[in-house]
Amino acid sequence: MALPDSAEKDKADVQEESLLWEKACEGDDAAREKLILMHRPMVFWLAKKFNVSPQQYPDLIQEGMVALIEAVDRYDPSRNIKFSTFAYYRVKGQMANFLQRVEAKAPLPIDETSVQIVSSDDFDNLEWSMSLMDELAKLPEREVEIIKALVLDNVKAADLAREKGFDVSHIYRLKRKAVAKLRLLLGLEDATKSP
C-alpha cells in the first residue's frame with residue numbers, strides 16, 4: 001500500500017535531513033548551510049512569541065540566528081535527540097538573555113534560576129544546563145511536562161494535579177521518577193544503586 005503524499009514527503013524530508021547531518025558532521029559546509037536554512041523558521045517563530053517592539057525585532061532575530069548556528073555546529077545526531085528540541089532551548093535562551101541585557105527584563109516571564117545559569121560566565125554551569133536540557137528531552141513526555149511545570153515554571157503540585165485530573169501523590173511519584181532518571185542520565189547517581 002502506497003503512503004499518502006504528505007506521509008511520503010515527511011519521510012523524504014526526514015531522510016534528506018539525516019543525510020545532511022551526516023555530511024555536515026564530515027565537514028560539508030553546503031550541508032551545514034542547508035541545515036541552518038531548514039531550521040531558520042524556528043527563529044522567526046520564537047521571535048514572534050516575545051512580542052518585542054519593531055525596532056528590537058531585527059536584533060532579536062540576529063541573536064536567534066547566532067544561537068541556531070551554534071546549535072547546528074554543536075549538535076551530535078548520534079545522541080538520538082531531535083535537533084528541533086536541542087536548538088529550541090538554545091535559541092529561546094539566547095533571545096531571552098538578549099532582551100534581559102537590553103531591557104533589564106524580558107517581556108515574557110522566565111524562571112530566574114534558569115536565566116541565572118544560562119547567563120552565567122561560568123562555562124561549567126552553562127555546559128551543565130545544556131546537558132540537563134538534552135537529558136530532559138530523553139524522558140517520556142508526561143515526565144518532562146511534570147518537571148517543567150513543577151521545577152521550571154514553579155506550578156504548585158496541587159494545581160497541576162487538578163489541571164491534569166490526577167491525584168497529587170501521582171504528580172509527586174512522576175516527579176520523583178523523572179528526577180531519578182535525570183540523576184542517572186547526568187551521572188549524578190550510580191546506576192547500580194537505582195531501584
# chains A, B, ... in the order shown; residues from 1 in each chain; ligands from 1

$ residues_around --residues "Phe44 in chain A" --least-positions-apart "5" --cutoff "9 Å" --atoms "only C-alpha atoms" --output "list in words"
Lys49, Ile61 and Gly64 of chain A

$ residues_around --residues "Lys175 in chain A" --least-positions-apart "4" --cutoff "10 Å" --atoms "only C-alpha atoms" --output "PyMOL selection string"
chain A and resi 142-148+150-151+157+169-171+179-181

$ write_last_selection --atoms "C-alpha atoms" --output "PDB file, in the first residue's frame"
ATOM      1  CA  ARG A 142       4.491  13.256  30.687  1.00  0.00           C
ATOM      2  CA  GLU A 143       7.558  13.318  32.971  1.00  0.00           C
ATOM      3  CA  VAL A 144       9.058  16.247  31.036  1.00  0.00           C
ATOM      4  CA  GLU A 145       5.764  18.092  31.416  1.00  0.00           C
ATOM      5  CA  ILE A 146       5.711  17.475  35.184  1.00  0.00           C
ATOM      6  CA  ILE A 147       9.355  18.569  35.683  1.00  0.00           C
ATOM      7  CA  LYS A 148       8.902  21.706  33.599  1.00  0.00           C
ATOM      8  CA  LEU A 150       6.915  21.961  38.991  1.00  0.00           C
ATOM      9  CA  VAL A 151      10.591  22.897  38.697  1.00  0.00           C
ATOM     10  CA  ALA A 157       1.638  20.232  42.627  1.00  0.00           C
ATOM     11  CA  SER A 169       0.502  11.805  45.059  1.00  0.00           C
ATOM     12  CA  HIS A 170       0.664  10.665  41.424  1.00  0.00           C
ATOM     13  CA  ILE A 171       2.220  14.009  40.444  1.00  0.00           C
ATOM     14  CA  VAL A 179      14.338  13.277  38.849  1.00  0.00           C
ATOM     15  CA  ALA A 180      15.815   9.810  39.485  1.00  0.00           C
ATOM     16  CA  LYS A 181      16.151   9.216  35.728  1.00  0.00           C
TER      17      LYS A 181
END

$ atom_distance --atom1 "CA of Pro140 in chain A" --atom2 "CA of Ile81 in chain A"
12.6 Å

$ atom_distance --atom1 "CA of Val168 in chain A" --atom2 "CA of Lys156 in chain A"
9.9 Å

$ atom_distance --atom1 "CA of Gln56 in chain A" --atom2 "CA of Arg90 in chain A"
19.1 Å

$ closest_residue --among "A:Met95, A:Phe83, A:Asn51, A:Glu135" --to "Glu17 in chain A" --atoms "only C-alpha atoms"
A:Phe83
